[in-house]
>>> print(open('target.cif').read())   # mmCIF, C-alpha atoms
data_coords
loop_
_atom_site.label_atom_id
_atom_site.label_comp_id
_atom_site.auth_asym_id
_atom_site.auth_seq_id
_atom_site.Cartn_x
_atom_site.Cartn_y
_atom_site.Cartn_z
CA MET N 257 6.73 43.08 -44.40
CA ARG N 258 9.59 40.60 -44.09
CA THR N 259 12.01 41.14 -41.19
CA LEU N 260 15.32 42.68 -42.16
CA LEU N 261 18.24 40.37 -41.54
CA GLY N 262 21.60 42.08 -41.23
CA PRO N 263 23.30 45.31 -40.19
CA LYS N 264 21.07 48.32 -40.70
CA VAL N 265 21.82 51.95 -41.40
CA GLU N 266 19.07 54.53 -41.16
CA VAL N 267 19.11 58.03 -42.64
CA ARG N 268 16.38 60.58 -42.03
CA ILE N 269 16.08 63.70 -44.18
CA PRO N 270 13.70 66.65 -44.45
CA ARG N 271 11.28 66.04 -47.32
CA LYS N 272 13.05 68.61 -49.50
CA PRO N 273 14.84 68.28 -52.88
CA GLU N 274 18.19 69.55 -51.66
CA TYR N 275 18.56 66.60 -49.27
CA VAL N 276 18.23 63.84 -51.86
CA SER N 277 21.92 64.17 -52.72
CA VAL N 278 22.68 63.40 -49.06
CA VAL N 279 20.73 60.15 -49.40
CA ARG N 280 22.63 59.25 -52.57
CA MET N 281 25.96 59.71 -50.83
CA ALA N 282 24.87 57.81 -47.72
CA VAL N 283 23.32 54.89 -49.61
CA GLY N 284 26.36 54.70 -51.88
CA ALA N 285 28.63 54.52 -48.86
CA VAL N 286 26.53 51.81 -47.22
CA ALA N 287 26.20 49.77 -50.42
CA SER N 288 29.96 49.94 -50.95
CA LYS N 289 30.32 47.74 -47.84
CA MET N 290 29.02 44.96 -50.05
CA ASP N 291 30.69 43.52 -53.11
CA PHE N 292 28.89 45.63 -55.73
CA GLY N 293 30.75 47.05 -58.73
CA PHE N 294 30.95 50.81 -59.26
CA ASP N 295 28.27 50.78 -61.97
CA VAL N 296 25.87 48.89 -59.69
CA LEU N 297 26.54 51.35 -56.87
CA ASP N 298 25.51 54.14 -59.25
CA ASP N 299 22.36 52.21 -60.16
CA ILE N 300 21.41 51.75 -56.50
CA LYS N 301 21.99 55.43 -55.71
CA LEU N 302 19.84 56.55 -58.64
CA ALA N 303 17.01 54.13 -57.80
CA VAL N 304 16.89 55.24 -54.15
CA ALA N 305 17.03 58.90 -55.21
CA GLU N 306 14.05 58.30 -57.51
CA ALA N 307 12.06 56.80 -54.64
CA CYS N 308 12.90 59.89 -52.53
CA ASN N 309 12.00 62.20 -55.43
CA ASN N 310 8.60 60.56 -55.61
CA ALA N 311 8.05 60.98 -51.87
CA ILE N 312 8.93 64.67 -52.16
CA GLU N 313 6.93 65.43 -55.29
CA HIS N 314 3.78 63.41 -54.79
CA ALA N 315 3.18 62.63 -51.13
CA VAL N 316 0.41 64.47 -49.35
CA VAL N 317 1.50 64.60 -45.72
CA PRO N 318 -1.31 64.80 -43.14
CA GLU N 319 -1.09 67.69 -40.71
CA GLY N 320 0.89 66.92 -37.57
CA HIS N 321 3.06 64.25 -39.20
CA PRO N 322 6.81 64.86 -39.44
CA ASN N 323 7.67 66.06 -42.91
CA GLU N 324 10.59 63.68 -43.23
CA ILE N 325 11.69 60.69 -45.25
CA THR N 326 13.37 57.74 -43.59
CA ILE N 327 15.71 55.57 -45.62
CA THR N 328 16.75 52.24 -44.11
CA CYS N 329 19.50 50.15 -45.68
CA CYS N 330 19.97 46.56 -44.60
CA LEU N 331 23.05 44.62 -45.62
CA GLU N 332 21.77 41.08 -45.89
CA GLN N 333 23.96 38.14 -46.81
CA HIS N 334 23.39 38.20 -50.57
CA GLN N 335 21.46 41.39 -51.12
CA LEU N 336 21.01 45.00 -50.13
CA VAL N 337 17.52 45.98 -49.04
CA VAL N 338 16.61 49.69 -49.09
CA ILE N 339 13.34 50.88 -47.61
CA VAL N 340 12.12 54.42 -48.20
CA CYS N 341 9.30 55.55 -45.88
CA ASP N 342 7.44 58.81 -46.04
CA PRO N 343 4.47 59.90 -43.94
CA GLY N 344 2.40 60.83 -46.96
CA VAL N 345 -0.36 59.28 -48.94
CA HIS N 346 0.20 58.89 -52.63
CA PRO N 347 -0.53 56.39 -55.37
CA PRO N 348 2.38 54.55 -56.99
CA PRO N 349 3.76 56.61 -59.83
CA GLU N 350 2.61 55.67 -63.28
CA LYS N 351 4.98 54.57 -65.94
CA PRO N 352 4.84 56.54 -69.17
CA ALA N 353 2.89 54.70 -71.84
CA ALA N 354 5.12 52.89 -74.28
CA GLN N 355 5.73 53.95 -77.86
CA GLN N 356 4.54 57.50 -77.58
CA ALA N 357 5.21 59.91 -80.40
CA PRO N 358 8.08 62.25 -79.50
CA ASP N 359 5.82 65.27 -79.20
CA ASP N 360 3.46 63.39 -76.86
CA LEU N 361 6.23 62.12 -74.62
CA PRO N 362 5.39 62.85 -70.98
CA GLU N 363 7.70 65.00 -68.89
CA SER N 364 7.36 62.84 -65.78
CA GLY N 365 6.90 59.23 -64.79
CA TYR N 366 10.38 57.94 -65.57
CA GLY N 367 11.32 57.43 -61.93
CA LEU N 368 9.42 54.17 -61.56
CA LEU N 369 10.77 52.94 -64.88
CA LEU N 370 14.31 53.56 -63.65
CA ILE N 371 13.78 51.89 -60.27
CA GLN N 372 12.32 48.81 -61.93
CA ALA N 373 15.16 48.64 -64.42
CA LEU N 374 17.94 49.21 -61.91
CA MET N 375 16.79 47.13 -58.93
CA ASP N 376 15.90 43.42 -58.68
CA GLU N 377 12.75 43.87 -56.61
CA LEU N 378 10.35 46.73 -55.98
CA THR N 379 7.32 46.70 -53.71
CA TRP N 380 5.07 49.61 -52.96
CA GLU N 381 3.05 49.54 -49.77
CA PRO N 382 0.64 52.33 -48.89
CA GLY N 383 -0.32 52.21 -45.22
CA PRO N 384 -2.21 54.22 -42.61
CA SER N 385 0.96 55.93 -41.40
CA GLY N 386 2.50 56.59 -44.79
CA THR N 387 3.98 54.95 -47.84
CA THR N 388 6.78 52.40 -47.87
CA VAL N 389 8.85 51.58 -50.92
CA ARG N 390 11.06 48.50 -50.61
CA MET N 391 13.83 47.87 -53.08
CA VAL N 392 16.26 44.97 -53.29
CA LYS N 393 19.55 44.67 -55.14
CA ARG N 394 21.11 41.23 -55.16
CA LEU N 395 24.82 40.56 -55.38
CA ALA N 396 25.86 38.90 -58.62
CA ARG N 397 26.75 35.27 -57.99
CA MET M 247 24.88 86.42 -73.04
CA ALA M 248 27.87 84.30 -74.16
CA GLY M 249 29.93 82.97 -71.31
CA GLU M 250 27.31 83.94 -68.78
CA SER M 251 26.92 81.65 -65.80
CA ARG M 252 23.60 81.15 -64.14
CA GLY M 253 22.27 78.94 -61.44
CA THR M 254 25.73 78.62 -60.01
CA SER M 255 26.40 76.53 -56.95
CA ALA M 256 29.29 74.37 -55.86
CA LYS M 257 27.72 71.34 -57.51
CA PHE M 258 25.83 72.73 -60.47
CA VAL M 259 26.80 75.29 -63.09
CA ILE M 260 24.90 76.32 -66.22
CA GLN M 261 26.90 78.32 -68.73
CA ILE M 262 25.68 79.79 -71.99
CA THR M 263 28.86 79.44 -74.00
CA GLN M 264 27.39 80.61 -77.31
CA PRO M 265 24.25 82.76 -77.73
CA GLY M 266 23.54 81.25 -81.15
CA PRO M 267 21.57 80.36 -82.98
CA PRO M 268 22.15 77.61 -82.28
CA ALA M 269 22.86 78.44 -78.67
CA VAL M 270 25.28 76.25 -76.77
CA VAL M 271 24.57 75.66 -73.09
CA ALA M 272 27.10 73.78 -70.98
CA ILE M 273 26.02 72.03 -67.82
CA ALA M 274 28.40 70.93 -65.11
CA GLY M 275 27.45 68.94 -62.03
CA GLU M 276 24.37 67.02 -60.99
CA VAL M 277 20.98 67.50 -62.64
CA ASP M 278 18.45 66.39 -60.04
CA LEU M 279 15.24 67.39 -58.30
CA ALA M 280 17.04 70.30 -56.62
CA THR M 281 18.81 71.72 -59.67
CA ALA M 282 16.48 70.83 -62.59
CA PRO M 283 14.14 73.83 -62.04
CA ARG M 284 17.07 76.23 -62.62
CA LEU M 285 17.98 74.38 -65.81
CA LYS M 286 14.38 74.62 -67.00
CA GLU M 287 14.30 78.36 -66.39
CA VAL M 288 17.51 78.94 -68.38
CA LEU M 289 16.50 76.67 -71.27
CA VAL M 290 13.12 78.37 -71.69
CA GLN M 291 14.86 81.73 -72.04
CA VAL M 292 17.57 80.43 -74.37
CA ILE M 293 15.06 78.64 -76.63
CA ASP M 294 12.88 81.75 -76.80
CA GLN M 295 15.88 83.66 -78.14
CA ALA M 296 17.79 81.10 -80.20
CA LYS M 297 15.13 78.44 -80.92
CA THR M 298 17.74 75.68 -81.27
CA VAL M 299 20.05 74.79 -78.42
CA ILE M 300 22.94 72.36 -78.21
CA LEU M 301 23.27 71.11 -74.66
CA ASP M 302 26.85 70.27 -73.74
CA LEU M 303 26.42 67.57 -71.11
CA SER M 304 30.07 66.52 -70.97
CA GLY M 305 30.33 68.02 -67.47
CA ALA M 306 27.03 66.58 -66.21
CA THR M 307 27.98 63.84 -63.78
CA TYR M 308 24.46 62.73 -62.82
CA MET M 309 20.94 63.00 -64.16
CA ASP M 310 17.70 61.71 -62.68
CA SER M 311 14.15 61.51 -64.04
CA THR M 312 13.54 65.15 -63.14
CA GLY M 313 16.38 66.17 -65.46
CA LEU M 314 14.94 63.99 -68.22
CA GLY M 315 11.58 65.69 -67.75
CA VAL M 316 13.12 69.14 -68.10
CA LEU M 317 14.93 68.14 -71.29
CA ILE M 318 11.76 66.64 -72.79
CA GLY M 319 9.81 69.78 -71.90
CA SER M 320 12.53 71.89 -73.50
CA LEU M 321 12.49 69.78 -76.65
CA LYS M 322 8.72 70.24 -76.96
CA HIS M 323 9.07 73.99 -76.39
CA ALA M 324 11.85 74.21 -78.99
CA ARG M 325 9.82 72.32 -81.59
CA GLU M 326 6.82 74.56 -80.96
CA VAL M 327 8.93 77.57 -81.94
CA GLY M 328 10.53 75.79 -84.91
CA GLY M 329 13.77 74.84 -83.17
CA ASP M 330 15.36 71.79 -81.60
CA VAL M 331 17.32 70.57 -78.58
CA LYS M 332 20.42 68.54 -79.38
CA LEU M 333 22.48 66.75 -76.76
CA ALA M 334 26.25 66.39 -76.82
CA GLY M 335 28.97 64.70 -74.81
CA LEU M 336 26.90 62.50 -72.50
CA VAL M 337 29.03 60.54 -70.05
CA PRO M 338 28.15 56.80 -69.97
CA LYS M 339 26.32 57.07 -66.63
CA VAL M 340 23.99 59.77 -67.98
CA ARG M 341 23.66 58.10 -71.38
CA ARG M 342 22.40 54.99 -69.59
CA VAL M 343 19.50 56.90 -68.02
CA PHE M 344 18.41 57.99 -71.49
CA SER M 345 18.62 54.48 -72.94
CA ILE M 346 16.82 52.74 -70.04
CA THR M 347 13.88 55.12 -70.34
CA GLY M 348 13.87 55.18 -74.14
CA VAL M 349 14.16 58.96 -74.09
CA ASP M 350 17.27 58.70 -76.28
CA LYS M 351 14.96 57.92 -79.20
CA VAL M 352 13.51 61.42 -79.30
CA PHE M 353 16.74 63.44 -79.12
CA GLU M 354 19.57 63.92 -81.55
CA ILE M 355 22.57 62.81 -79.49
CA TYR M 356 26.16 63.60 -80.51
CA SER M 357 29.49 62.74 -79.01
CA SER M 358 30.64 66.38 -79.03
CA VAL M 359 29.33 69.93 -79.44
CA GLU M 360 31.38 70.23 -82.64
CA GLN M 361 29.59 67.26 -84.17
CA ALA M 362 26.23 68.62 -83.04
CA MET M 363 27.05 71.91 -84.79
CA THR M 364 27.68 70.17 -88.10
CA GLY M 365 24.92 67.61 -87.59
CA ASP M 366 27.30 64.75 -88.32
CA GLN M 367 27.41 61.34 -86.74
CA ALA M 368 24.45 61.36 -84.42
CA GLU M 369 25.23 58.45 -82.12
CA GLY M 370 21.66 57.66 -81.16
CA GLY M 371 18.15 58.93 -81.28
CA ILE M 372 16.78 60.53 -84.42
CA ALA M 373 19.41 60.70 -87.13
CA SER M 374 19.75 64.15 -88.60
#
>>> encode(input="target.cif", output="structure tokens")
Amino acid sequence: MRTLLGPKVEVRIPRKPEYVSVVRMAVGAVASKMDFGFDVLDDIKLAVAEACNNAIEHAVVPEGHPNEITITCCLEQHQLVVIVCDPGVHPPPEKPAAQQAPDDLPESGYGLLLIQALMDELTWEPGPSGTTVRMVKRLAR
Amino acid sequence: MAGESRGTSAKFVIQITQPGPPAVVAIAGEVDLATAPRLKEVLVQVIDQAKTVILDLSGATYMDSTGLGVLIGSLKHAREVGGDVKLAGLVPKVRRVFSITGVDKVFEIYSSVEQAMTGDQAEGGIAS
């Protein structure tokens, strides 16, 4: 993974739903150090929350590993990089199939769709010590 | 049941403002992974009794994919029992989540509860 270039802020939370709002607030505060508009700040907060949601709902954490999620924000010159790491093993979430009839519409799977729509880059890296999701939001030029 | 508050916390309040049918359920605060299960529980009960529910989302300041999932599940449940779930008063930030995911196409969406009651001027989704 590419080295992060810029000031970093790291937040670590228990892998529990009630702590995702803490991440949203923290990431919003960090991102506001850059020249993003209010709507873009909301987009970033939602995308990072969705990555955390996925880590909470789908990760299978091996015994003995800390049941925590680490969120690292890096304020690079022209972009914000947010990395969400969890100690679990899980496949990337699947997007809901397009053009489903209303009654067949799935009740999950929209998180990935939102991250992809709201961020400029998304990479998903499963590894031996957990899963890393890297998201990038570039400043408008 | 009218006026009853359930699932109350500092950030999230569900209030059944009209037992119906159609029932009117007002949501205030953030619908996310932590609060969506409480919303699901209330909506299942309300739909079982009233079949059709109008969800007043004018006080909902945030919704994530978990909230979308609960609303889709509720819509399916309502249609199974011959009812419907109509959405009213979405703030732009929440409306955007529906449009990005395309979920707005399966709901009747109104600008206010009053318009949802009369079925006039659906602003998106399936026209009534």
>>> resolve_selection(input="target.cif", expression="the PyMOL selection byres ((chain N) within 12 of (chain M))", output="PyMOL selection string")
chain N and resi 271-278+280+294-299+301-313+351-374
>>> resolve_selection(input="target.cif", expression="the PyMOL selection byres ((chain N and resi 269) around 7)", output="number ranges by chain")
N: 267-268, 270-271, 275, 324-326
>>> closest_residue(input="target.cif", among="M:Gly305, M:Gly328, M:Gly335, M:Gly365", to="M:Val277", atoms="all atoms listed in the file")
M:Gly305
>>> closest_residue(input="target.cif", among="M:Val292, M:Gly275, M:Ala324, M:Val359", to="M:Val340", atoms="all atoms listed in the file")
M:Gly275
>>> residues_around(input="target.cif", residues="N:Glu377", least_positions_apart="6", cutoff="10 Å", atoms="all atoms listed in the file", output="list in words")
Val337, Ile371, Arg390, Met391, Val392, Lys393 and Arg394 of chain N
>>> residues_around(input="target.cif", residues="N:Ile327", least_positions_apart="3", cutoff="6 Å", atoms="only C-alpha atoms", output="PyMOL selection string")
chain N and resi 266-267+339-340
>>> axis_aligned_box(input="target.cif", around="stretch 290-297 of chain N", padding_each_side="5 Å", output="AutoDock Vina command-line options")
--center_x 28.4 --center_y 47.4 --center_z -56.0 --size_x 15.1 --size_y 17.8 --size_z 21.9
>>> residues_around(input="target.cif", residues="M:Val337", least_positions_apart="6", cutoff="10 Å", atoms="all atoms listed in the file", output="ChimeraX atom specification")
/M:303-308,357
>>> residues_around(input="target.cif", residues="N:Gln333", least_positions_apart="3", cutoff="10 Å", atoms="all atoms listed in the file", output="list in words")
Leu261, Gly262, Pro263, Met290, Cys330, Leu336, Arg394 and Leu395 of chain N
>>> atom_distance(input="target.cif", atom1="atom CA of N:Val316", atom2="atom CA of N:Met281")
26.0 Å
>>> closest_residue(input="target.cif", among="M:Ala334, M:Ile260, M:Ala296, M:Val327", to="M:Pro283", atoms="only C-alpha atoms")
M:Ile260
